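Okay, coords-v7.cif is below, mmCIF, C-alpha atoms:
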```
data_my_file
loop_
_atom_site.group_PDB
_atom_site.id
_atom_site.type_symbol
_atom_site.label_atom_id
_atom_site.label_comp_id
_atom_site.auth_asym_id
_atom_site.auth_seq_id
_atom_site.Cartn_x
_atom_site.Cartn_y
_atom_site.Cartn_z
ATOM 1 C CA MET A 1 0.000 0.000 0.000
ATOM 2 C CA SER A 2 1.608 3.245 -1.075
ATOM 3 C CA LYS A 3 1.431 6.230 1.232
ATOM 4 C CA ASN A 4 -0.565 8.229 -1.374
ATOM 5 C CA GLU A 5 -3.177 5.545 -1.978
ATOM 6 C CA PHE A 6 -5.918 7.434 -0.114
ATOM 7 C CA ILE A 7 -5.353 10.829 -1.722
ATOM 8 C CA CYS A 8 -8.062 11.956 -4.122
ATOM 9 C CA ASP A 9 -6.810 13.884 -7.161
ATOM 10 C CA CYS A 10 -10.173 14.547 -8.796
ATOM 11 C CA ASN A 11 -11.125 17.740 -6.849
ATOM 12 C CA ILE A 12 -14.785 17.054 -7.621
ATOM 13 C CA ILE A 13 -17.363 16.818 -4.862
ATOM 14 C CA HIS A 14 -19.898 14.113 -5.610
ATOM 15 C CA LYS A 15 -22.861 16.053 -4.247
ATOM 16 C CA GLU A 16 -25.483 13.296 -4.342
ATOM 17 C CA MET A 17 -23.209 10.835 -2.590
ATOM 18 C CA VAL A 18 -22.252 13.367 0.084
ATOM 19 C CA GLU A 19 -25.872 14.432 0.700
ATOM 20 C CA ASN A 20 -27.071 10.819 0.808
ATOM 21 C CA THR A 21 -24.422 9.957 3.382
ATOM 22 C CA LEU A 22 -25.153 13.054 5.483
ATOM 23 C CA LYS A 23 -28.860 12.143 5.616
ATOM 24 C CA LYS A 24 -27.982 8.720 7.019
ATOM 25 C CA MET A 25 -25.479 9.918 9.628
ATOM 26 C CA PRO A 26 -26.697 9.304 13.187
ATOM 27 C CA LYS A 27 -26.640 11.996 15.843
ATOM 28 C CA GLU A 28 -23.319 12.742 17.563
ATOM 29 C CA GLU A 29 -24.610 11.219 20.813
ATOM 30 C CA LEU A 30 -24.780 7.768 19.215
ATOM 31 C CA PHE A 31 -21.124 7.964 18.182
ATOM 32 C CA LEU A 32 -20.130 9.063 21.686
ATOM 33 C CA ASN A 33 -22.074 6.168 23.215
ATOM 34 C CA LEU A 34 -20.525 3.665 20.808
ATOM 35 C CA ALA A 35 -17.035 4.931 21.550
ATOM 36 C CA GLU A 36 -17.689 4.590 25.294
ATOM 37 C CA PHE A 37 -19.083 1.076 24.759
ATOM 38 C CA PHE A 38 -15.970 -0.053 22.913
ATOM 39 C CA LYS A 39 -13.701 1.659 25.451
ATOM 40 C CA ILE A 40 -15.281 -0.468 28.182
ATOM 41 C CA LEU A 41 -14.822 -3.616 26.105
ATOM 42 C CA GLY A 42 -11.230 -2.600 25.352
ATOM 43 C CA ASP A 43 -10.052 -4.118 28.634
ATOM 44 C CA THR A 44 -9.550 -7.900 28.558
ATOM 45 C CA THR A 45 -10.338 -8.315 32.255
ATOM 46 C CA ARG A 46 -13.735 -6.648 31.836
ATOM 47 C CA VAL A 47 -14.490 -8.830 28.796
ATOM 48 C CA LYS A 48 -13.544 -11.953 30.782
ATOM 49 C CA ILE A 49 -15.786 -10.848 33.653
ATOM 50 C CA LEU A 50 -18.689 -10.309 31.261
ATOM 51 C CA PHE A 51 -18.105 -13.728 29.715
ATOM 52 C CA ALA A 52 -18.066 -15.369 33.153
ATOM 53 C CA LEU A 53 -21.258 -13.573 34.180
ATOM 54 C CA ASP A 54 -22.914 -14.578 30.928
ATOM 55 C CA GLN A 55 -22.388 -18.201 31.962
ATOM 56 C CA ASN A 56 -23.645 -17.827 35.564
ATOM 57 C CA GLU A 57 -24.567 -15.219 38.127
ATOM 58 C CA MET A 58 -21.564 -15.110 40.434
ATOM 59 C CA CYS A 59 -20.203 -13.354 43.497
ATOM 60 C CA VAL A 60 -16.908 -11.455 43.473
ATOM 61 C CA CYS A 61 -15.093 -14.373 45.140
ATOM 62 C CA ASP A 62 -16.208 -16.790 42.425
ATOM 63 C CA ILE A 63 -15.247 -14.425 39.608
ATOM 64 C CA ALA A 64 -11.843 -13.866 41.220
ATOM 65 C CA ASN A 65 -11.365 -17.628 41.415
ATOM 66 C CA VAL A 66 -12.379 -18.174 37.778
ATOM 67 C CA LEU A 67 -10.016 -15.452 36.529
ATOM 68 C CA SER A 68 -7.202 -16.188 39.025
ATOM 69 C CA MET A 69 -7.248 -12.581 40.216
ATOM 70 C CA THR A 70 -7.696 -10.802 43.530
ATOM 71 C CA LYS A 71 -11.133 -9.822 44.812
ATOM 72 C CA SER A 72 -9.918 -6.232 44.922
ATOM 73 C CA SER A 73 -9.016 -6.122 41.224
ATOM 74 C CA ILE A 74 -12.306 -7.792 40.268
ATOM 75 C CA SER A 75 -14.267 -5.341 42.430
ATOM 76 C CA HIS A 76 -12.507 -2.420 40.772
ATOM 77 C CA GLN A 77 -13.459 -3.644 37.286
ATOM 78 C CA LEU A 78 -16.997 -4.504 38.402
ATOM 79 C CA GLY A 79 -17.435 -0.933 39.611
ATOM 80 C CA THR A 80 -16.683 0.325 36.115
ATOM 81 C CA LEU A 81 -19.008 -2.230 34.534
ATOM 82 C CA ARG A 82 -21.806 -1.397 36.979
ATOM 83 C CA ARG A 83 -21.523 2.378 36.486
ATOM 84 C CA CYS A 84 -21.848 1.830 32.742
ATOM 85 C CA GLY A 85 -24.853 -0.451 33.155
ATOM 86 C CA PHE A 86 -23.165 -3.662 31.971
ATOM 87 C CA VAL A 87 -23.745 -5.569 35.224
ATOM 88 C CA LYS A 88 -26.284 -5.526 38.025
ATOM 89 C CA CYS A 89 -25.972 -6.585 41.621
ATOM 90 C CA ARG A 90 -28.450 -8.165 44.009
ATOM 91 C CA LYS A 91 -28.101 -9.283 47.623
ATOM 92 C CA VAL A 92 -28.670 -12.879 48.695
ATOM 93 C CA ARG A 93 -28.256 -13.000 52.469
ATOM 94 C CA LYS A 94 -24.764 -11.574 52.999
ATOM 95 C CA ARG A 95 -23.524 -12.162 49.451
ATOM 96 C CA SER A 96 -23.717 -9.798 46.512
ATOM 97 C CA ILE A 97 -24.568 -11.696 43.345
ATOM 98 C CA LEU A 98 -23.670 -10.126 40.011
ATOM 99 C CA CYS A 99 -25.182 -10.710 36.623
ATOM 100 C CA ALA A 100 -24.523 -9.367 33.158
#
```
File written out as structure tokens:
Amino acid sequence: MSKNEFICDCNIIHKEMVENTLKKMPKEELFLNLAEFFKILGDTTRVKILFALDQNEMCVCDIANVLSMTKSSISHQLGTLRRCGFVKCRKVRKRSILCA
């Protein structure tokens, strides 16, 4: 791939194509939300946690055991996932159970 491969030499604006594309462009908020979504999924630990919770509702101790990590590091990542609405928490006696 040459470094000039993406340079357009025609200097002509294809009005219909540009207008058609502009009509279909979503609002800026959607792009911001998508970028945030992918930023959350950009961390392998968070993706592993989501995968584990997709298999079963689990407590922090169980997730830490599955991922061979500390409860503290799992709790930190769960906080991020919960603030973004990826996971929910419910109490069962003294345990907090998490689900995706």
Hey, which of A:Ile63, A:Leu22, A:Lys71, A:His14 ends up closest to Leu50 of chain A? Count all atoms listed in the file.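 The shortest atom-to-atom distance to Leu50 of chain A comes from A:Ile63.
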Expanded to explicit residues, what is the PyMOL selection byres ((chain A and resi 40-44) around 12) for this file, as a VMD selection string? chain A and resid 33 to 39 45 to 51 67 77 to 86
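Of the residues under consideration (A:Met58, A:Ile13, A:Leu32, A:Cys8), A:Met58 shows the shortest atom-to-atom contact distance to Val87 of chain A when counting only C-alpha atoms.
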The distance between atom CA of Val60 of chain A and atom CA of Ser72 of chain A is 8.8 Å
Considering only C-alpha atoms, can you say which of A:Leu30, A:Cys10, A:Lys15, A:Ala64 comes closest to His76 of chain A? A:Ala64
Tell me which of A:Glu5, A:Glu16, A:Cys61, A:Pro26 sits closest to Ile74 of chain A, counting all atoms listed in the file.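 Once distances to Ile74 of chain A are computed over all atoms listed in the file, the minimum belongs to A:Cys61.
In this model, the gap between atom CA of Lys88 of chain A and atom CA of Glu29 of chain A comes to 24.1 Å.
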Report the centre and edge lengths, in Å to one decimal, of an axis-aligned box enclosing every atom of segment 3-22 of chain A listed in the file, padded by 8 Å on each side, as AutoDock Vina command-line options.
```
--center_x -12.8 --center_y 11.6 --center_z -1.7 --size_x 44.5 --size_y 28.2 --size_z 30.3
```
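For the pair atom CA of Val66 of chain A and atom CA of Leu53 of chain A, the interatomic distance is 10.6 Å.
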